[in-house]
>>> print(open('query07.cif').read())   # mmCIF, C-alpha atoms
data_final
loop_
_atom_site.label_atom_id
_atom_site.label_comp_id
_atom_site.auth_asym_id
_atom_site.auth_seq_id
_atom_site.Cartn_x
_atom_site.Cartn_y
_atom_site.Cartn_z
CA ARG I 1 -38.50 25.72 -41.22
CA PRO I 2 -39.20 26.42 -37.55
CA SER I 3 -36.19 26.94 -35.33
CA ARG I 4 -38.13 25.96 -32.20
CA ILE I 5 -41.05 23.54 -31.74
CA ALA I 6 -43.26 23.27 -28.65
CA VAL I 7 -44.97 19.97 -27.80
CA LEU I 8 -47.53 19.88 -24.99
CA ARG I 9 -47.52 16.50 -23.19
CA ALA I 10 -47.57 17.22 -19.44
CA ASN I 11 -48.79 13.95 -17.99
CA ALA I 12 -47.45 10.64 -16.66
CA LEU I 13 -44.61 8.27 -17.55
CA GLY I 14 -46.54 5.88 -19.78
CA ASP I 15 -48.09 8.84 -21.60
CA TYR I 16 -44.66 10.25 -22.39
CA ILE I 17 -43.39 6.87 -23.62
CA PHE I 18 -46.37 6.56 -25.98
CA ALA I 19 -45.41 9.93 -27.49
CA ILE I 20 -41.77 8.98 -28.18
CA PRO I 21 -42.38 7.66 -31.74
CA ALA I 22 -44.14 10.94 -32.64
CA LEU I 23 -41.28 12.95 -31.13
CA GLU I 24 -38.72 10.84 -33.01
CA SER I 25 -40.64 11.43 -36.24
CA LEU I 26 -40.73 15.16 -35.51
CA ARG I 27 -36.97 15.13 -34.91
CA ALA I 28 -36.35 13.37 -38.23
CA ALA I 29 -38.54 15.88 -40.11
CA TYR I 30 -36.98 18.93 -38.40
CA PRO I 31 -33.39 17.92 -37.54
CA ASP I 32 -32.21 21.49 -36.94
CA ALA I 33 -35.11 22.64 -34.78
CA GLU I 34 -35.05 22.72 -30.99
CA ILE I 35 -37.85 20.52 -29.64
CA VAL I 36 -39.18 21.84 -26.34
CA LEU I 37 -41.48 19.60 -24.31
CA LEU I 38 -44.11 21.52 -22.35
CA GLY I 39 -44.22 19.08 -19.48
CA ALA I 40 -44.22 18.45 -15.75
CA PRO I 41 -41.37 18.78 -13.24
CA TRP I 42 -40.64 15.06 -13.49
CA HIS I 43 -39.99 15.47 -17.24
CA ALA I 44 -37.41 18.16 -16.49
CA ARG I 45 -35.62 15.90 -13.99
CA PHE I 46 -35.80 12.73 -16.06
CA LEU I 47 -34.96 14.17 -19.49
CA ALA I 48 -32.14 16.52 -18.44
CA GLY I 49 -29.06 15.39 -20.36
CA ARG I 50 -30.80 12.26 -21.65
CA PRO I 51 -30.25 11.38 -25.33
CA GLY I 52 -33.49 11.49 -27.26
CA PRO I 53 -35.75 13.69 -29.36
CA VAL I 54 -36.45 16.29 -26.63
CA ASP I 55 -33.87 19.07 -26.32
CA ARG I 56 -35.37 20.90 -23.37
CA VAL I 57 -38.35 20.90 -21.00
CA LEU I 58 -40.45 23.95 -20.20
CA VAL I 59 -42.47 23.14 -17.09
CA VAL I 60 -46.19 23.86 -17.33
CA PRO I 61 -47.74 25.01 -14.03
CA PRO I 62 -50.52 22.96 -12.44
CA LEU I 63 -53.58 24.05 -14.42
CA PRO I 64 -57.10 22.58 -14.58
CA GLY I 65 -57.24 19.95 -17.30
CA ILE I 66 -53.48 20.17 -17.93
CA ARG I 67 -51.78 18.56 -14.95
CA GLU I 68 -52.06 18.01 -11.21
CA PRO I 69 -49.45 19.32 -8.76
CA GLU I 70 -46.67 16.85 -8.03
CA ARG I 71 -45.91 15.76 -4.49
CA GLY I 72 -44.38 18.67 -2.60
CA GLU I 73 -45.34 21.15 -5.32
CA ALA I 74 -47.54 24.06 -4.28
CA ALA I 75 -50.51 24.72 -6.54
CA GLN I 76 -50.42 28.29 -7.77
CA PRO I 77 -53.51 30.41 -8.50
CA SER I 78 -54.52 29.17 -11.92
CA ARG I 79 -55.03 32.51 -13.64
CA ALA I 80 -51.75 34.06 -12.50
CA ALA I 81 -49.77 30.89 -13.14
CA ARG I 82 -51.21 30.53 -16.61
CA ALA I 83 -50.51 34.15 -17.55
CA GLU I 84 -46.91 33.91 -16.33
CA PHE I 85 -46.31 30.68 -18.24
CA VAL I 86 -47.87 32.00 -21.46
CA ALA I 87 -45.77 35.17 -21.31
CA ALA I 88 -42.56 33.14 -20.92
CA ALA I 89 -43.59 30.74 -23.69
CA ARG I 90 -44.39 33.55 -26.12
CA ASP I 91 -40.87 34.88 -25.60
CA GLU I 92 -39.62 31.55 -27.00
CA CYS I 93 -41.04 32.50 -30.44
CA PHE I 94 -42.17 28.98 -31.35
CA GLY I 95 -42.59 28.27 -35.04
CA LEU I 96 -44.75 25.21 -34.34
CA ALA I 97 -46.82 24.30 -31.29
CA LEU I 98 -48.28 20.81 -31.09
CA GLN I 99 -50.92 19.43 -28.72
CA LEU I 100 -50.33 15.74 -27.94
CA HIS I 101 -52.01 16.05 -24.57
CA GLY I 102 -55.64 14.99 -24.97
CA GLY I 103 -59.00 16.09 -26.32
CA GLY I 104 -58.13 19.78 -26.28
CA CYS I 105 -60.89 21.41 -24.23
CA ASN I 106 -58.29 22.85 -21.85
CA SER I 107 -55.08 22.27 -23.79
CA ASN I 108 -56.01 23.78 -27.17
CA PRO I 109 -56.64 27.28 -25.77
CA LEU I 110 -53.27 27.10 -24.01
CA VAL I 111 -51.48 26.02 -27.19
CA SER I 112 -53.24 28.72 -29.20
CA ASP I 113 -52.05 31.36 -26.73
CA LEU I 114 -48.38 30.47 -27.20
CA GLY I 115 -48.12 32.72 -30.25
CA ALA I 116 -46.70 30.02 -32.56
CA LYS I 117 -46.85 30.56 -36.30
CA LEU I 118 -48.69 27.25 -36.74
CA THR I 119 -50.56 25.06 -34.26
CA ALA I 120 -51.69 21.46 -34.67
CA GLY I 121 -53.15 18.78 -32.45
CA LEU I 122 -56.12 16.78 -31.29
CA ARG I 123 -59.70 17.96 -31.04
CA SER I 124 -62.62 16.36 -29.25
CA GLU I 125 -66.21 17.30 -30.08
CA HIS I 126 -66.44 20.35 -27.81
CA ALA I 127 -62.83 21.56 -27.98
CA PRO I 128 -61.81 24.69 -29.90
CA PRO I 129 -59.84 24.00 -33.09
CA LEU I 130 -56.16 24.59 -33.75
CA ASP I 131 -54.82 25.56 -37.18
CA ARG I 132 -54.61 21.88 -38.12
CA TRP I 133 -56.27 19.10 -36.17
CA VAL I 134 -57.42 15.50 -36.16
CA ARG I 135 -60.43 14.21 -34.29
CA TYR I 136 -59.65 12.86 -30.83
CA THR I 137 -60.94 9.29 -30.69
CA TYR I 138 -60.80 7.74 -27.23
CA TYR I 139 -60.57 4.12 -28.39
CA GLN I 140 -57.51 4.51 -30.58
CA GLN I 141 -54.00 3.15 -30.10
CA GLU I 142 -52.20 6.11 -28.55
CA ILE I 143 -48.90 5.78 -30.42
CA PHE I 144 -50.68 6.04 -33.76
CA ARG I 145 -52.86 8.88 -32.51
CA TYR I 146 -49.79 11.06 -31.91
CA LEU I 147 -48.16 9.97 -35.16
CA GLU I 148 -51.26 11.31 -36.92
CA VAL I 149 -50.80 14.68 -35.21
CA VAL I 150 -47.15 15.14 -36.22
CA GLY I 151 -48.14 14.01 -39.70
CA LEU I 152 -50.21 17.20 -39.93
CA VAL I 153 -46.93 19.17 -39.98
CA GLY I 154 -45.06 16.92 -42.38
CA ALA I 155 -43.41 14.51 -39.95
CA ALA I 156 -43.67 11.05 -41.52
CA PRO I 157 -43.46 8.08 -39.13
CA VAL I 158 -39.96 6.72 -38.58
CA THR I 159 -40.94 4.18 -35.90
CA TYR I 160 -43.92 2.97 -33.93
CA GLN I 161 -41.91 1.33 -31.15
CA PRO I 162 -40.94 3.57 -28.21
CA ARG I 163 -37.29 3.28 -27.22
CA LEU I 164 -35.66 4.96 -24.23
CA LEU I 165 -31.90 5.12 -23.71
CA VAL I 166 -30.42 4.25 -20.34
CA THR I 167 -27.43 6.44 -19.47
CA GLY I 168 -24.26 5.75 -17.58
CA ALA I 169 -25.47 8.07 -14.84
CA ASP I 170 -28.64 5.95 -14.50
CA ARG I 171 -26.53 2.81 -14.04
CA ALA I 172 -24.19 4.51 -11.59
CA ARG I 173 -27.08 5.57 -9.35
CA LEU I 174 -28.51 2.05 -9.51
CA ARG I 175 -25.13 0.55 -8.54
CA ALA I 176 -25.13 2.77 -5.44
CA VAL I 177 -28.10 0.80 -4.06
CA LEU I 178 -27.93 -2.54 -5.88
CA PRO I 179 -24.93 -4.59 -7.06
CA PRO I 180 -24.83 -6.15 -10.55
CA PRO I 181 -26.87 -9.35 -10.84
CA SER I 182 -24.99 -12.62 -10.39
CA ARG I 183 -27.87 -14.59 -11.91
CA PRO I 184 -30.96 -13.68 -13.97
CA ARG I 185 -32.67 -10.75 -12.28
CA VAL I 186 -36.43 -10.22 -12.29
CA ALA I 187 -38.39 -7.24 -11.01
CA LEU I 188 -41.94 -7.19 -9.66
CA HIS I 189 -43.88 -3.95 -9.26
CA PRO I 190 -47.07 -4.90 -7.37
CA GLY I 191 -48.46 -1.39 -6.85
CA ALA I 192 -50.73 0.49 -9.25
CA SER I 193 -52.20 3.99 -9.19
CA ASP I 194 -55.61 2.61 -10.15
CA PRO I 195 -56.87 0.06 -7.56
CA ARG I 196 -58.65 -1.88 -10.31
CA ARG I 197 -55.27 -2.80 -11.79
CA ARG I 198 -53.85 -4.27 -8.58
CA TRP I 199 -53.23 -7.99 -8.78
CA PRO I 200 -53.49 -9.79 -5.39
CA VAL I 201 -50.22 -9.83 -3.45
CA ASP I 202 -50.33 -13.61 -3.05
CA ARG I 203 -50.33 -13.97 -6.85
CA PHE I 204 -47.26 -11.76 -7.13
CA ALA I 205 -45.64 -13.81 -4.39
CA ALA I 206 -46.42 -17.06 -6.21
CA VAL I 207 -44.80 -15.71 -9.38
CA ALA I 208 -41.75 -14.52 -7.41
CA ASP I 209 -41.34 -17.91 -5.72
CA ALA I 210 -41.60 -19.75 -9.04
CA LEU I 211 -38.99 -17.46 -10.61
CA ALA I 212 -36.71 -17.85 -7.60
CA ASP I 213 -37.09 -21.64 -7.80
CA ALA I 214 -35.97 -21.37 -11.44
CA GLY I 215 -32.78 -19.62 -10.32
CA ALA I 216 -33.71 -15.93 -10.57
CA GLU I 217 -32.89 -13.07 -8.21
CA VAL I 218 -36.13 -11.28 -7.31
CA VAL I 219 -36.41 -7.51 -6.77
CA VAL I 220 -39.70 -5.95 -5.63
CA THR I 221 -40.08 -2.23 -6.40
CA GLY I 222 -42.54 0.41 -5.27
CA THR I 223 -43.04 3.95 -4.05
CA SER I 224 -43.57 4.96 -0.43
CA ALA I 225 -47.32 5.05 -1.10
CA GLU I 226 -47.07 1.40 -2.20
CA SER I 227 -44.93 0.21 0.74
CA ALA I 228 -47.81 -1.74 2.35
CA THR I 229 -48.35 -3.62 -0.92
CA VAL I 230 -44.63 -4.39 -1.21
CA ASP I 231 -44.60 -5.57 2.42
CA GLY I 232 -47.57 -7.83 1.67
CA VAL I 233 -45.70 -9.49 -1.20
CA LEU I 234 -42.56 -9.94 0.90
CA ALA I 235 -44.57 -11.47 3.76
CA ALA I 236 -46.17 -13.99 1.39
CA LEU I 237 -42.87 -15.14 -0.16
CA ARG I 238 -41.22 -18.48 0.58
CA THR I 239 -37.88 -17.24 -0.75
CA PRO I 240 -35.87 -14.07 -0.02
CA ALA I 241 -36.25 -11.02 -2.24
CA ILE I 242 -34.72 -7.55 -2.44
CA ALA I 243 -37.11 -4.68 -1.68
CA LEU I 244 -36.55 -1.28 -3.28
CA VAL I 245 -39.15 1.17 -1.96
CA ASP I 246 -38.39 4.77 -2.98
CA ALA I 247 -34.75 3.67 -3.24
CA VAL I 248 -34.28 4.53 -6.92
CA ASP I 249 -35.26 7.47 -9.09
CA LEU I 250 -36.88 7.05 -12.48
CA GLY I 251 -33.58 6.84 -14.37
CA SER I 252 -32.24 4.21 -11.97
CA LEU I 253 -35.48 2.27 -12.31
CA ALA I 254 -34.99 2.30 -16.09
CA ALA I 255 -31.45 0.96 -15.57
CA LEU I 256 -32.81 -1.77 -13.28
CA TYR I 257 -35.42 -2.84 -15.81
CA ALA I 258 -32.87 -2.80 -18.65
CA GLU I 259 -30.78 -5.47 -16.89
CA CYS I 260 -33.78 -7.61 -15.93
CA ALA I 261 -34.75 -10.77 -17.75
CA VAL I 262 -38.40 -10.29 -16.73
CA VAL I 263 -40.48 -7.42 -15.35
CA VAL I 264 -43.96 -8.14 -13.94
CA SER I 265 -46.23 -5.14 -13.37
CA THR I 266 -49.91 -4.32 -13.56
CA ASP I 267 -49.19 -0.57 -13.47
CA THR I 268 -48.89 0.97 -16.91
CA GLY I 269 -45.94 3.28 -16.19
CA PRO I 270 -43.46 0.58 -15.10
CA ALA I 271 -44.74 -1.82 -17.76
CA HIS I 272 -44.21 0.65 -20.61
CA LEU I 273 -40.86 1.76 -19.16
CA ALA I 274 -39.67 -1.86 -19.07
CA GLU I 275 -40.68 -2.38 -22.69
CA ALA I 276 -39.05 0.89 -23.81
CA VAL I 277 -35.66 -0.09 -22.35
CA GLY I 278 -35.84 -3.62 -23.75
#
>>> encode(input="query07.cif", output="structure tokens")
Amino acid sequence: RPSRIAVLRANALGDYIFAIPALESLRAAYPDAEIVLLGAPWHARFLAGRPGPVDRVLVVPPLPGIREPERGEAAQPSRAARAEFVAAARDECFGLALQLHGGGCNSNPLVSDLGAKLTAGLRSEHAPPLDRWVRYTYYQQEIFRYLEVVGLVGAAPVTYQPRLLVTGADRARLRAVLPPPSRPRVALHPGASDPRRRWPVDRFAAVADALADAGAEVVVTGTSAESATVDGVLAALRTPAIALVDAVDLGSLAALYAECAVVVSTDTGPAHLAEAVG
């Protein structure tokens, strides 16, 4: 009966969404425990006050094989940053520490050092073992991979469909930059972190024009790094569209997607976010 559970999952948006069913199952198995996500700064911002299985975020420093520094975040010397984080985490007195992060070559030693009474997680061929582990298989559906891990500590699956709640604060921040839709709203996200995923801008524009012809309001979203791609879509359009480049935070983007009839994206983060908010 642990009073506090650590879960290492310090990567990107889609990765977190894939872990939600495992976190929900963990919450159902240990309703009185505090679930602490060992994550990135964006987790701390996005999950603060948000209903869901995570009670609190403990930010992991940028460490090799764990996470890259976020924009504007200074990379600390790895050894000192790791020692400081481990000392703070050991003071938490975790009963369970789970590794839902990856193969474990870098993450399993970190989880083992947290001082938890029991550790469990994934293990690739050359990774050190935890107390309980399942083999990391690259070609495996990720949601079920993490459900297997929490199953090692008695958390039976309660769902396999990630769901993310949109808050009133999310909607209020969206309303500050975009009024409610007066007709069906659709969102296009033409950027992608991996260039191989990027669909040509003229194809996005063709989809947007067809949706607009069918009576939809079109919104094109992107980050500042994707502004040239967004501009390319806008230039190729026959019909007007609303551009939101770095105009909404992640919670507001979730609120936008939740009120959309359709979201078109070749980037995994926005696509999984849109599905998680329905």
>>> resolve_selection(input="query07.cif", expression="the PyMOL selection byres ((chain I and resi 19-31) around 8)", output="list of chain:residue names")
I:Arg1, I:Pro2, I:Asp15, I:Tyr16, I:Ile17, I:Phe18, I:Asp32, I:Ala33, I:Ile35, I:Gly52, I:Pro53, I:Val54, I:Leu100, I:Glu142, I:Ile143, I:Tyr146, I:Leu147, I:Val150, I:Gly154, I:Ala155, I:Ala156, I:Pro157, I:Val158, I:Thr159, I:Tyr160, I:Gln161, I:Pro162, I:Arg163
>>> closest_residue(input="query07.cif", among="I:Glu148, I:Asp249, I:Glu217, I:Glu68", to="Pro181 in chain I", atoms="only C-alpha atoms")
I:Glu217
>>> resolve_selection(input="query07.cif", expression="the PyMOL selection byres ((chain I and resi 63) around 9)", output="VMD selection string")
chain I and resid 60 to 62 64 to 69 75 to 79 81 to 82 106
>>> atom_distance(input="query07.cif", atom1="CA of Ile242 in chain I", atom2="CA of Arg173 in chain I")
16.7 Å
>>> atom_distance(input="query07.cif", atom1="CA of Cys105 in chain I", atom2="CA of Arg123 in chain I")
7.7 Å
>>> residues_around(input="query07.cif", residues="Gly104 in chain I", least_positions_apart="3", cutoff="12 Å", atoms="all atoms listed in the file", output="ChimeraX atom specification")
/I:8-9,65-66,98-101,107-112,120-130,133-137
>>> closest_residue(input="query07.cif", among="I:Ser193, I:Ala205, I:Val166, I:Ser227", to="Leu253 in chain I", atoms="all atoms listed in the file")
I:Val166
>>> resolve_selection(input="query07.cif", expression="the PyMOL selection byres ((chain I and resi 246) around 8)", output="ChimeraX atom specification")
/I:221-224,244-245,247-249
>>> atom_distance(input="query07.cif", atom1="CA of Thr229 in chain I", atom2="CA of Ala74 in chain I")
27.9 Å
>>> residues_near_point(input="query07.cif", point="(-32.3, -4.6, -17.7)", cutoff="9 Å", atoms="all atoms listed in the file", output="VMD selection string")
chain I and resid 185 to 186 254 to 263 274 277 to 278
>>> closest_residue(input="query07.cif", among="I:Pro51, I:Gly102, I:Gly251, I:Pro240", to="Ala208 in chain I", atoms="only C-alpha atoms")
I:Pro240
>>> closest_residue(input="query07.cif", among="I:Val207, I:Ala276, I:Ile5, I:Ala10", to="Leu164 in chain I", atoms="all atoms listed in the file")
I:Ala276
>>> residues_around(input="query07.cif", residues="Leu114 in chain I", least_positions_apart="3", cutoff="6 Å", atoms="all atoms listed in the file", output="ChimeraX atom specification")
/I:86,89-90,111
